[in-house]
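Working notes, beginning with the structure itself.
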Amino acid sequence: MPKEKRIEIKDGKRKVVDRKIFQGYVLVEMCLSDETWYIVRNTPGVTGFIGNGTQPTPVSEKEIVKIKKRMGVEDPKYSVNYEIGEVISIIDGPFKGFEGVVSEIDATKGKMKVMVSMFGRETPVELDALQVKQL
């Protein structure tokens, strides 16, 4: 079952979790013969195959390379789709419910500094990109 590492924030804590790339599917590398096809087809829990008719459709080598590349990533990539000066809303952590303006972005770590107005003053707060959303 191909899996990839993803970053999630739960209860204010960052976790790296494994997620299945193709939910409910298993990829099998095999030499297709009548005997191997019979064994796979009669495996308990197997309900169907991707393909037309009675034969499964093989996945191309090009697609396998893409899947392996997606699985082989050591550290998950961060996706920071914000710009400096953009107004955001904080959706997680101790500043949940506040709005602020992005002042710095560290795309390699998935972090950003946001200027939040508290008690009439602009205060810099470092947040994870998963703790904010665009307005």
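Going through the structure tokens in order, the chains are called A, B, and so on, while each chain numbers its residues from 1 and the ligands are numbered from 1 in the order shown.
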Worksheet entry | All helix (DSSP H, G or I) residues (DSSP, backbone) inside chain A, as a ChimeraX atom specification | /A:34-41,61-71,129-131
Near A:Gly93, within 10 Å and counting only C-alpha atoms, which residues show up once chain neighbours fewer than 2 positions away are dropped, as a compact mmCIF listing (two decimals) with N, CA, C and O atoms, in the first residue's frame?
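Output below, filename part-v5.txt:
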```txt
# COMPACT_ATOMS: atom_id res chain seq x y z
N ILE A 9 -1.61 19.15 12.27
CA ILE A 9 -1.58 19.78 13.59
C ILE A 9 -2.83 19.35 14.32
O ILE A 9 -3.94 19.52 13.82
N LYS A 10 -2.63 18.74 15.48
CA LYS A 10 -3.74 18.28 16.29
C LYS A 10 -3.47 18.71 17.72
O LYS A 10 -2.40 18.47 18.24
N ASP A 11 -4.43 19.37 18.32
CA ASP A 11 -4.30 19.90 19.69
C ASP A 11 -3.07 20.80 19.81
O ASP A 11 -2.37 20.78 20.82
N GLY A 12 -2.81 21.58 18.77
CA GLY A 12 -1.69 22.53 18.80
C GLY A 12 -0.33 21.91 18.61
O GLY A 12 0.67 22.60 18.66
N LYS A 13 -0.26 20.60 18.35
CA LYS A 13 1.03 19.93 18.18
C LYS A 13 1.16 19.44 16.75
O LYS A 13 0.22 18.91 16.17
N ILE A 90 -6.08 33.33 12.25
CA ILE A 90 -5.45 32.24 12.99
C ILE A 90 -6.54 31.25 13.41
O ILE A 90 -7.51 31.64 14.05
N ILE A 91 -6.35 29.96 13.03
CA ILE A 91 -7.40 28.97 13.26
C ILE A 91 -7.03 27.92 14.30
O ILE A 91 -7.84 27.06 14.63
N PHE A 95 -3.60 31.72 19.86
CA PHE A 95 -4.09 32.96 19.25
C PHE A 95 -5.27 32.71 18.31
O PHE A 95 -5.59 33.55 17.46
N LYS A 96 -5.92 31.57 18.47
CA LYS A 96 -7.06 31.20 17.63
C LYS A 96 -8.12 32.30 17.69
O LYS A 96 -8.46 32.80 18.76
N GLY A 97 -8.63 32.68 16.52
CA GLY A 97 -9.66 33.71 16.44
C GLY A 97 -9.10 35.09 16.14
O GLY A 97 -9.85 35.99 15.76
N LEU A 127 4.02 31.33 13.84
CA LEU A 127 3.00 30.32 13.66
C LEU A 127 3.39 29.33 12.58
O LEU A 127 4.20 29.64 11.70
N ASP A 128 2.81 28.17 12.66
CA ASP A 128 2.95 27.18 11.61
C ASP A 128 1.96 27.55 10.50
O ASP A 128 0.88 28.06 10.76
N GLN A 131 -1.60 26.61 10.87
CA GLN A 131 -2.40 27.24 11.92
C GLN A 131 -3.16 28.47 11.42
O GLN A 131 -3.87 29.09 12.20
N VAL A 132 -3.00 28.82 10.16
CA VAL A 132 -3.64 30.02 9.64
C VAL A 132 -4.41 29.71 8.36
O VAL A 132 -4.20 28.66 7.74
```
Worksheet item: In Å, how far is it from atom CA of A:Val116 to atom CA of A:Glu8?
Response: 23.4 Å
Practice prompt. Find the residues near A:Leu27: any atom within 9 Å, counting only C-alpha atoms, skip ones fewer than 6 places away on the same chain, and give them as a VMD selection string.
Written response: chain A and resid 1 to 2 59
Please write the residues from the selection above to a file, keeping C-alpha atoms, as a compact mmCIF listing (two decimals), in the first residue's frame.
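Listed below is the output, selection_31.txt:
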```txt
# COMPACT_ATOMS: atom_id res chain seq x y z
CA MET A 1 0.00 0.00 0.00
CA PRO A 2 1.73 3.18 -1.11
CA VAL A 59 0.60 0.10 -14.05
```
Practice prompt. From the DSSP assignment of the backbone, select every residue of stretch 15-132 of chain A that is strand (DSSP E or B), and format the answer as a VMD selection string.
Written response: chain A and resid 15 to 20 87 to 90 99 to 106 111 to 118 121 to 128 132
Using the selection just defined, write its residues with N, CA and C atoms as a compact mmCIF listing (two decimals), in the first residue's frame.
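Result written to result.txt:
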```
# COMPACT_ATOMS: atom_id res chain seq x y z
N LYS A 15 2.42 16.89 13.99
CA LYS A 15 2.73 15.47 13.88
C LYS A 15 2.96 15.12 12.42
N VAL A 16 3.88 14.19 12.20
CA VAL A 16 4.09 13.64 10.87
C VAL A 16 3.38 12.29 10.85
N VAL A 17 2.41 12.15 9.94
CA VAL A 17 1.62 10.92 9.86
C VAL A 17 1.75 10.31 8.48
N ASP A 18 1.57 9.00 8.41
CA ASP A 18 1.55 8.30 7.13
C ASP A 18 0.12 8.28 6.62
N ARG A 19 -0.05 8.67 5.37
CA ARG A 19 -1.36 8.64 4.71
C ARG A 19 -1.28 7.73 3.49
N LYS A 20 -2.31 6.95 3.29
CA LYS A 20 -2.36 6.08 2.11
C LYS A 20 -2.58 6.95 0.88
N VAL A 87 -3.32 39.55 4.84
CA VAL A 87 -4.09 39.45 6.09
C VAL A 87 -4.62 38.02 6.20
N ILE A 88 -4.38 37.40 7.36
CA ILE A 88 -4.78 36.01 7.59
C ILE A 88 -5.58 35.91 8.88
N SER A 89 -6.22 34.76 9.06
CA SER A 89 -6.95 34.46 10.29
C SER A 89 -6.28 33.25 10.94
N ILE A 90 -6.08 33.33 12.25
CA ILE A 90 -5.45 32.24 12.99
C ILE A 90 -6.54 31.25 13.41
N GLU A 99 -6.81 37.90 14.00
CA GLU A 99 -6.37 38.16 12.63
C GLU A 99 -5.03 38.85 12.70
N GLY A 100 -4.24 38.72 11.63
CA GLY A 100 -2.94 39.35 11.61
C GLY A 100 -2.45 39.54 10.20
N VAL A 101 -1.27 40.16 10.10
CA VAL A 101 -0.65 40.42 8.82
C VAL A 101 0.68 39.66 8.76
N VAL A 102 0.90 38.91 7.69
CA VAL A 102 2.12 38.13 7.52
C VAL A 102 3.30 39.09 7.34
N SER A 103 4.34 38.94 8.20
CA SER A 103 5.50 39.82 8.10
C SER A 103 6.75 39.08 7.61
N GLU A 104 6.85 37.77 7.88
CA GLU A 104 7.99 36.95 7.42
C GLU A 104 7.49 35.56 7.10
N ILE A 105 8.18 34.90 6.15
CA ILE A 105 7.82 33.52 5.78
C ILE A 105 9.10 32.69 5.70
N ASP A 106 9.09 31.54 6.38
CA ASP A 106 10.18 30.57 6.28
C ASP A 106 9.60 29.31 5.63
N LYS A 111 6.95 27.80 8.54
CA LYS A 111 6.61 28.75 9.61
C LYS A 111 6.47 30.15 9.04
N MET A 112 5.79 31.01 9.81
CA MET A 112 5.67 32.41 9.42
C MET A 112 5.51 33.28 10.66
N LYS A 113 5.95 34.54 10.53
CA LYS A 113 5.74 35.51 11.59
C LYS A 113 4.55 36.36 11.17
N VAL A 114 3.64 36.52 12.11
CA VAL A 114 2.42 37.27 11.86
C VAL A 114 2.33 38.38 12.90
N MET A 115 2.03 39.59 12.44
CA MET A 115 1.84 40.72 13.35
C MET A 115 0.37 40.73 13.80
N VAL A 116 0.16 40.49 15.09
CA VAL A 116 -1.17 40.41 15.66
C VAL A 116 -1.38 41.63 16.57
N SER A 117 -2.52 42.26 16.43
CA SER A 117 -2.84 43.43 17.26
C SER A 117 -3.44 42.97 18.58
N MET A 118 -2.66 43.21 19.67
CA MET A 118 -3.14 42.87 21.02
C MET A 118 -2.95 44.08 21.92
N ARG A 121 -1.37 47.15 20.39
CA ARG A 121 0.01 47.09 19.89
C ARG A 121 0.14 45.92 18.91
N GLU A 122 1.00 46.10 17.92
CA GLU A 122 1.31 45.03 16.98
C GLU A 122 2.37 44.12 17.63
N THR A 123 2.06 42.85 17.77
CA THR A 123 2.95 41.89 18.40
C THR A 123 3.30 40.78 17.40
N PRO A 124 4.60 40.49 17.22
CA PRO A 124 4.96 39.40 16.30
C PRO A 124 4.72 38.04 16.94
N VAL A 125 4.09 37.15 16.20
CA VAL A 125 3.79 35.80 16.67
C VAL A 125 4.29 34.82 15.61
N GLU A 126 5.06 33.79 16.02
CA GLU A 126 5.51 32.79 15.07
C GLU A 126 4.50 31.66 15.04
N LEU A 127 4.02 31.33 13.84
CA LEU A 127 3.00 30.32 13.66
C LEU A 127 3.39 29.33 12.58
N ASP A 128 2.81 28.17 12.66
CA ASP A 128 2.95 27.18 11.61
C ASP A 128 1.96 27.55 10.50
N VAL A 132 -3.00 28.82 10.16
CA VAL A 132 -3.64 30.02 9.64
C VAL A 132 -4.41 29.71 8.36
```
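Atom CA of A:Ile67 sits 23.3 Å away from atom CA of A:Val80.
Using only C-alpha atoms, the shortest contact distance between A:Tyr38 and any of A:Gly24, A:Pro56, A:Pro94, A:Gly51 is found at A:Pro56.
Picture a line from atom CA of A:Lys109 to atom CA of A:Met71; it runs 20.1 Å.
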Worksheet item: Between A:Glu4, A:Phe98, A:Ile39, A:Ala107, which has the minimum distance to A:Gln23 (counting only C-alpha atoms)?
Response: A:Glu4
Discussion item. Report as a VMD selection string all protein, DNA and RNA residues lying within 12 Å of A:Leu32, evaluated on only C-alpha atoms, omitting residues in the same chain fewer than 3 positions from it.
Written reply: chain A and resid 28 to 29 35 to 41 55 to 58
